[in-house]
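What follows is entry_20.cif (mmCIF, C-alpha atoms).
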```cif
data_entry
#
loop_
_atom_site.label_atom_id
_atom_site.label_comp_id
_atom_site.auth_asym_id
_atom_site.auth_seq_id
_atom_site.Cartn_x
_atom_site.Cartn_y
_atom_site.Cartn_z
CA MET A 27 71.45 47.94 95.89
CA ASP A 28 70.36 49.93 92.82
CA LEU A 29 71.52 48.07 89.66
CA LYS A 30 72.63 51.34 88.04
CA LYS A 31 74.95 51.98 90.99
CA LEU A 32 76.15 48.39 91.02
CA LEU A 33 77.20 48.22 87.35
CA PRO A 34 80.11 50.72 87.60
CA ILE A 35 81.46 48.83 90.62
CA LEU A 36 81.28 45.51 88.76
CA LEU A 37 82.93 47.01 85.68
CA PHE A 38 85.75 48.45 87.80
CA SER A 39 86.29 45.04 89.42
CA VAL A 40 86.49 43.33 86.03
CA LEU A 41 89.03 45.87 84.77
CA ILE A 42 91.18 45.45 87.86
CA THR A 43 91.12 41.67 87.36
CA LEU A 44 92.09 41.98 83.69
CA PHE A 45 94.97 44.37 84.36
CA SER A 46 96.31 42.07 87.07
CA TYR A 47 97.09 39.56 84.28
CA ILE A 48 98.79 42.06 81.96
CA ASP A 49 102.56 42.40 82.03
CA ILE A 50 102.78 46.17 81.80
CA ASP A 51 106.50 46.04 80.90
CA ALA A 52 105.71 43.90 77.85
CA ILE A 53 102.95 46.02 76.32
CA ASP A 54 105.29 47.50 73.68
CA PHE A 55 107.06 44.21 73.12
CA LEU A 56 107.30 43.50 69.36
CA SER A 57 105.18 46.51 68.50
CA PRO A 58 106.31 48.16 65.26
CA ILE A 59 108.66 51.14 65.51
CA LYS A 60 106.88 54.29 64.34
CA ASP A 61 109.67 56.86 64.55
CA ASP A 62 111.78 56.46 61.42
CA SER A 63 113.92 59.59 61.87
CA GLY A 64 117.42 58.85 60.65
CA PHE A 65 116.41 55.65 58.85
CA VAL A 66 117.94 54.97 55.42
CA LYS A 67 116.76 52.40 52.89
CA LEU A 68 119.03 49.47 52.06
CA ASP A 69 118.70 47.51 48.82
CA VAL A 70 119.98 44.10 49.92
CA ASP A 71 122.45 42.40 47.60
CA HIS A 72 123.99 39.49 49.49
CA ILE A 73 123.53 37.85 52.90
CA VAL A 74 126.59 36.44 54.66
CA ASP A 75 124.97 35.11 57.82
CA GLY A 76 122.38 36.10 60.41
CA ASP A 77 124.15 39.31 61.45
CA THR A 78 126.01 40.45 58.31
CA PHE A 79 124.88 41.41 54.82
CA TYR A 80 125.73 43.60 51.83
CA GLY A 81 123.63 46.16 50.04
CA TYR A 82 123.28 49.64 48.55
CA VAL A 83 122.46 52.81 50.47
CA ASN A 84 121.89 55.77 48.16
CA GLY A 85 123.92 53.97 45.50
CA GLU A 86 126.86 53.27 47.81
CA TYR A 87 127.77 49.61 48.36
CA LYS A 88 128.09 48.72 52.03
CA LYS A 89 128.88 45.70 54.16
CA VAL A 90 126.56 45.94 57.17
CA ARG A 91 127.23 44.40 60.58
CA ILE A 92 123.92 44.25 62.41
CA VAL A 93 124.42 45.60 65.94
CA GLY A 94 122.95 44.37 69.22
CA ILE A 95 123.18 40.68 68.34
CA ASP A 96 125.65 37.92 67.62
CA THR A 97 124.47 34.98 65.53
CA PRO A 98 126.30 31.63 65.45
CA GLU A 99 129.09 31.40 62.89
CA THR A 100 128.45 29.64 59.60
CA HIS A 101 132.15 29.58 58.62
CA ALA A 102 135.13 28.79 60.83
CA GLY A 103 137.38 31.71 61.68
CA SER A 104 138.32 33.40 64.94
CA LYS A 105 135.22 31.66 66.32
CA PRO A 106 134.08 28.13 65.52
CA ILE A 107 131.05 27.18 63.44
CA GLY A 108 128.09 27.28 65.81
CA GLU A 109 124.75 25.58 66.05
CA TYR A 110 121.73 27.37 64.55
CA GLY A 111 123.95 29.59 62.39
CA GLU A 112 122.25 28.39 59.20
CA ASP A 113 118.85 28.92 60.86
CA ALA A 114 119.82 32.52 61.62
CA LYS A 115 120.95 33.06 58.04
CA ARG A 116 117.67 31.67 56.67
CA PHE A 117 115.76 33.88 59.12
CA LEU A 118 117.48 36.98 57.73
CA GLU A 119 116.89 35.80 54.16
CA ASN A 120 113.18 35.42 54.90
CA PHE A 121 113.08 38.78 56.66
CA VAL A 122 114.58 40.71 53.72
CA SER A 123 112.30 38.90 51.26
CA LYS A 124 109.24 39.91 53.27
CA TYR A 125 110.02 43.57 54.03
CA GLU A 126 111.65 46.65 52.60
CA ILE A 127 114.83 47.02 54.66
CA TYR A 128 115.84 50.17 56.50
CA LEU A 129 118.92 50.88 58.60
CA LYS A 130 119.57 53.06 61.59
CA ILE A 131 123.30 53.58 61.12
CA VAL A 132 125.31 54.07 64.31
CA GLY A 133 128.90 54.03 63.02
CA ASN A 134 131.64 51.95 61.45
CA ASP A 135 133.96 49.34 62.88
CA GLY A 136 137.66 48.58 62.43
CA TYR A 137 136.88 46.23 59.53
CA GLY A 138 135.23 48.97 57.49
CA ARG A 139 131.75 47.61 58.05
CA THR A 140 128.73 49.84 58.58
CA LEU A 141 127.20 49.27 62.00
CA ALA A 142 123.43 49.53 62.03
CA TYR A 143 120.14 48.47 63.56
CA VAL A 144 117.89 46.81 60.98
CA PHE A 145 114.16 47.24 60.37
CA GLY A 146 111.59 45.83 57.98
CA LYS A 147 108.87 48.20 56.82
CA ASN A 148 105.45 46.56 57.08
CA SER A 149 102.22 47.35 55.25
CA GLU A 150 100.99 49.64 58.04
CA ASN A 151 104.06 51.88 57.64
CA GLY A 152 105.56 50.67 60.89
CA TYR A 153 108.98 49.06 61.19
CA ILE A 154 109.62 45.53 62.50
CA PHE A 155 112.83 45.38 64.54
CA TYR A 156 114.96 42.58 63.07
CA GLU A 157 117.28 42.07 66.05
CA GLU A 158 114.33 41.65 68.39
CA SER A 159 112.68 39.17 66.03
CA VAL A 160 115.72 36.93 65.56
CA LEU A 161 116.48 36.94 69.29
CA MET A 162 112.93 35.83 70.06
CA GLU A 163 113.42 32.81 67.80
CA GLY A 164 116.58 31.89 69.69
CA TYR A 165 118.80 32.21 66.62
CA ALA A 166 120.97 34.98 68.10
CA ARG A 167 122.54 36.09 71.34
CA PRO A 168 122.78 39.69 72.59
CA LEU A 169 126.01 41.61 71.95
CA ILE A 170 125.68 45.07 73.46
CA TYR A 171 128.23 47.85 73.02
CA PHE A 172 127.77 51.08 74.94
CA ASP A 173 128.97 53.28 72.09
CA ASN A 174 126.00 52.22 69.95
CA ASP A 175 123.55 51.42 72.73
CA ASP A 176 120.00 52.70 72.18
CA SER A 177 117.77 53.51 75.14
CA GLU A 178 114.62 52.43 73.28
CA LEU A 179 115.92 49.41 71.39
CA THR A 180 118.31 47.69 73.79
CA PRO A 181 115.65 46.90 76.45
CA ARG A 182 113.65 45.19 73.70
CA LEU A 183 116.67 42.99 72.99
CA VAL A 184 116.76 41.98 76.65
CA GLN A 185 113.06 41.10 76.61
CA ALA A 186 113.46 39.12 73.40
CA TYR A 187 116.36 37.03 74.70
CA ASN A 188 114.50 36.31 77.93
CA TYR A 189 111.49 35.27 75.83
CA ALA A 190 113.62 32.78 73.87
CA PHE A 191 114.85 31.25 77.12
CA GLU A 192 111.42 31.06 78.75
CA ASN A 193 109.97 29.39 75.65
CA ARG A 194 113.04 27.22 74.94
CA LYS A 195 113.41 28.57 71.42
CA GLY A 196 116.38 27.97 69.13
CA ILE A 197 119.61 27.70 71.10
CA PHE A 198 117.58 27.11 74.27
CA SER A 199 115.67 24.18 72.76
CA LYS A 200 118.65 22.01 73.80
CA TRP A 201 118.26 22.90 77.47
CA SER A 202 117.13 19.38 78.42
CA SER A 203 119.36 17.49 75.98
CA ALA A 204 122.69 19.36 75.87
CA LYS A 205 125.76 17.41 76.95
CA ILE A 206 126.86 18.05 80.54
CA LEU A 207 130.64 18.21 80.63
CA SER A 208 132.12 17.88 84.12
CA SER A 209 135.81 17.30 83.35
CA LYS A 210 138.37 18.27 80.74
CA ALA A 211 138.73 14.59 79.83
CA GLN A 212 135.29 14.77 78.21
CA ILE A 213 136.32 17.57 75.86
CA THR A 214 137.05 16.80 72.21
CA SER A 215 137.59 19.08 69.22
CA LEU A 216 134.26 17.88 67.83
CA LEU A 217 132.46 19.70 70.65
CA GLU A 218 133.87 23.12 69.76
CA GLY A 219 131.01 25.42 68.79
CA LYS A 220 128.40 23.06 70.23
CA ILE A 221 125.86 24.05 72.87
CA VAL A 222 126.77 22.35 76.16
CA PHE A 223 126.68 22.68 79.92
CA LEU A 224 130.05 23.11 81.61
CA GLU A 225 129.83 21.88 85.20
CA GLY A 226 132.32 22.63 87.94
CA THR A 227 133.13 24.52 91.12
CA VAL A 228 133.56 28.31 90.99
CA LYS A 229 136.99 29.17 92.41
CA ASP A 230 137.17 32.90 91.82
CA ILE A 231 135.40 35.82 90.13
CA ARG A 232 137.50 38.60 88.61
CA LYS A 233 136.62 41.93 87.05
CA ASN A 234 139.23 43.01 84.50
CA TYR A 235 139.23 46.51 83.08
CA HIS A 236 140.37 47.19 79.51
CA ARG A 237 142.30 50.13 78.12
CA ASP A 238 139.19 51.34 76.32
CA GLY A 239 137.38 51.74 79.66
CA GLY A 240 135.28 48.60 79.32
CA TYR A 241 135.50 45.52 81.47
CA THR A 242 134.92 41.78 81.49
CA TYR A 243 133.98 39.49 84.36
CA TYR A 244 135.85 36.18 84.47
CA ILE A 245 134.46 33.27 86.44
CA ASP A 246 137.36 30.90 87.13
CA CYS A 247 136.20 27.34 87.68
CA ASP A 248 138.24 24.27 88.54
CA TRP A 249 138.80 23.28 84.89
CA PHE A 250 137.19 25.93 82.67
CA GLU A 251 136.48 29.65 82.44
CA ILE A 252 133.33 31.71 81.96
CA SER A 253 133.40 35.31 80.73
CA ILE A 254 130.76 38.06 80.73
CA ARG A 255 131.16 41.25 78.70
CA ASP A 256 130.29 44.62 80.25
CA GLY A 257 127.35 45.29 77.91
CA GLU A 258 125.55 42.07 78.79
CA TYR A 259 126.48 42.42 82.44
CA GLU A 260 124.92 45.87 82.76
CA TYR A 261 121.68 44.88 81.06
CA PHE A 262 121.18 41.30 82.25
CA PHE A 263 123.08 40.89 85.51
CA LYS A 264 122.35 44.14 87.33
CA ASP A 265 119.95 42.39 89.73
CA TYR A 266 122.00 39.19 90.00
CA ASN A 267 124.64 38.75 92.72
CA LEU A 268 127.39 37.14 90.67
CA TYR A 269 129.66 36.72 93.68
CA SER A 270 127.03 34.55 95.37
CA ILE A 271 128.08 31.58 93.22
CA LYS A 272 131.71 31.60 94.41
CA GLY A 273 132.60 28.26 96.01
CA LYS A 274 129.48 26.58 94.61
CA LYS A 275 129.05 23.81 92.08
CA VAL A 276 127.46 25.35 89.01
CA LYS A 277 126.41 24.47 85.45
CA PHE A 278 126.86 27.11 82.72
CA TYR A 279 124.97 26.85 79.41
CA GLY A 280 126.25 28.09 76.11
CA GLU A 281 128.43 27.67 73.04
CA LEU A 282 131.73 25.95 73.79
CA TRP A 283 134.90 27.80 72.77
CA PHE A 284 138.57 27.16 73.52
CA ASP A 285 140.82 29.90 74.88
CA ASP A 286 144.45 28.68 74.80
CA SER A 287 143.06 25.14 74.94
CA LYS A 288 141.00 26.01 78.02
CA PRO A 289 137.23 25.41 77.65
CA GLU A 290 135.24 28.64 77.77
CA ILE A 291 131.69 29.94 77.44
CA LEU A 292 130.84 33.59 76.81
CA LEU A 293 127.81 34.01 79.06
CA ARG A 294 125.00 36.40 78.13
CA SER A 295 122.37 36.07 80.87
CA PRO A 296 121.82 34.71 84.41
CA ASN A 297 119.31 32.33 82.79
CA GLU A 298 122.35 30.38 81.62
CA ILE A 299 123.52 29.69 85.20
CA VAL A 300 122.27 26.68 87.18
CA VAL A 301 123.50 26.53 90.79
CA LEU A 302 123.67 22.93 91.98
CA ASN A 303 124.51 23.46 95.67
#
```

Represent the structure from my file as structure tokens, please.
Amino acid sequence: MDLKKLLPILLFSVLITLFSYIDIDAIDFLSPIKDDSGFVKLDVDHIVDGDTFYGYVNGEYKKVRIVGIDTPETHAGSKPIGEYGEDAKRFLENFVSKYEIYLKIVGNDGYGRTLAYVFGKNSENGYIFYEESVLMEGYARPLIYFDNDDSELTPRLVQAYNYAFENRKGIFSKWSSAKILSSKAQITSLLEGKIVFLEGTVKDIRKNYHRDGGYTYYIDCDWFEISIRDGEYEYFFKDYNLYSIKGKKVKFYGELWFDDSKPEILLRSPNEIVVLN
């Protein structure tokens, strides 16, 4: 065969081989945001933890709750102190020291806090998405609300959390070493806020609607309860048959809370479910 005719065929074959190894869905993963319409600059004053900080926007002092994520608590309150909370705080401190900070404000909450997505402006005039970055490190969990959901940004949060799991980053680094609790007798107050596996048999799965139109799934097990919020369910569980685990022995991975003295984990992803039989 003529070499000139053969070269295009060989080149095409090489390109096909290369593209077969590229995850098309991940091409934009971690790429800087270019569209800054609606962004406002924040002069950071004080960092509370990995998802809350104070600063000035156009001279007005604001307390900002970063949306799309939930970092472990660094102070006890309605939720216990969690593991990797200080790591998340340091990550935000490093982020604001490295970049100029911009907000995409999406509203206010009942505590008077400004709700916003957070970006760091890099030297190429793109914007690094903070929530995506901290999720990738495993220092945060997704917390998705439909009233401030963003069709471009939220899928990146899903990818980032899946990345943390696949690479056993941060909270997932304990996957092989976390305590496996299989009875209430093993529970002590010292375990509250710790990352554990709760192991038991799934007795029932309930979907409870709220007055605001949202819903929560409750997985009732023989001695503990698992809950899944609607935001995480819609984005992470849409291809997972939750009812398939009913009657099975299952391990659930996450931060241990107590609800009326009953052990509980707020689940974020099917990655945190291990079916044993």

So the first atom is CA of Ile299 in chain A and the second is CA of Glu163 in chain A; what is the distance between them in Å, to one decimal place? 20.4 Å

Write out as a list in words which residues come within 12 Å of Lys200 in chain A when counting all atoms listed in the file, dropping same-chain ones fewer than 2 positions away. Glu109, Tyr110, Gly164, Ala190, Phe191, Asn193, Arg194, Lys195, Gly196, Ile197, Phe198, Ser202, Ser203, Ala204, Lys205, Ile206, Lys220, Ile221, Val222, Phe223, Tyr279, Gly280 and Glu281 of chain A

Looking at only C-alpha atoms, which of A:Ser253, A:Ser123, A:Ser149, A:Asn174 is the one that sits closest to Ile92 in chain A?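 The closest residue to Ile92 in chain A is A:Asn174.
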
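You can rank A:Tyr244, A:Phe250, A:Phe284, A:Tyr189 by their closest distance to Met162 in chain A using all atoms listed in the file, and at the top of that list sits A:Tyr189.
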
Do you have, as a tab-separated table, the list of residues of range 117-144 of chain A lying at most 12 Å from range 95-98 of chain A, each with its nearest atom pair and that distance in Å to one decimal, counting only C-alpha atoms and ordered by chain then number?
```
residue	atom	partner	partner_atom	distance
A:Phe117	CA	A:Thr97	CA	10.9
A:Leu118	CA	A:Thr97	CA	10.7
A:Leu141	CA	A:Ile95	CA	11.4
A:Ala142	CA	A:Ile95	CA	10.9
A:Tyr143	CA	A:Ile95	CA	9.6
A:Val144	CA	A:Ile95	CA	10.9
```

Hey, what comes out of the PyMOL selection byres ((chain A and resi 68) around 8) on this file? Could you write it as an NGL selection string? :A and (66-67 or 69-70 or 81-84 or 126-129)

Quick one: pull the distance between CA of Asp135 in chain A and CA of Gly64 in chain A, Å, one decimal. 19.2 Å

To one decimal place, how far is CA of Tyr266 in chain A from CA of Ile231 in chain A in Å? 13.8 Å

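Among the candidates A:Asn188, A:Ser199, A:Ser215, A:Asn267, the residue lying nearest to Leu282 in chain A is A:Ser215 (atoms considered: all atoms listed in the file).
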
Mind listing as a PDB file with C-alpha atoms, in the frame of the given file all residues within 8 Å of (137.4, 26.8, 91.9), counting only C-alpha atoms?
```pdb
ATOM      1  CA  GLY A 226     132.320  22.630  87.940  1.00  0.00           C
ATOM      2  CA  THR A 227     133.130  24.520  91.120  1.00  0.00           C
ATOM      3  CA  VAL A 228     133.560  28.310  90.990  1.00  0.00           C
ATOM      4  CA  LYS A 229     136.990  29.170  92.410  1.00  0.00           C
ATOM      5  CA  ASP A 230     137.170  32.900  91.820  1.00  0.00           C
ATOM      6  CA  ASP A 246     137.360  30.900  87.130  1.00  0.00           C
ATOM      7  CA  CYS A 247     136.200  27.340  87.680  1.00  0.00           C
ATOM      8  CA  ASP A 248     138.240  24.270  88.540  1.00  0.00           C
ATOM      9  CA  TRP A 249     138.800  23.280  84.890  1.00  0.00           C
ATOM     10  CA  LYS A 272     131.710  31.600  94.410  1.00  0.00           C
ATOM     11  CA  GLY A 273     132.600  28.260  96.010  1.00  0.00           C
TER      12      GLY A 273
END
```
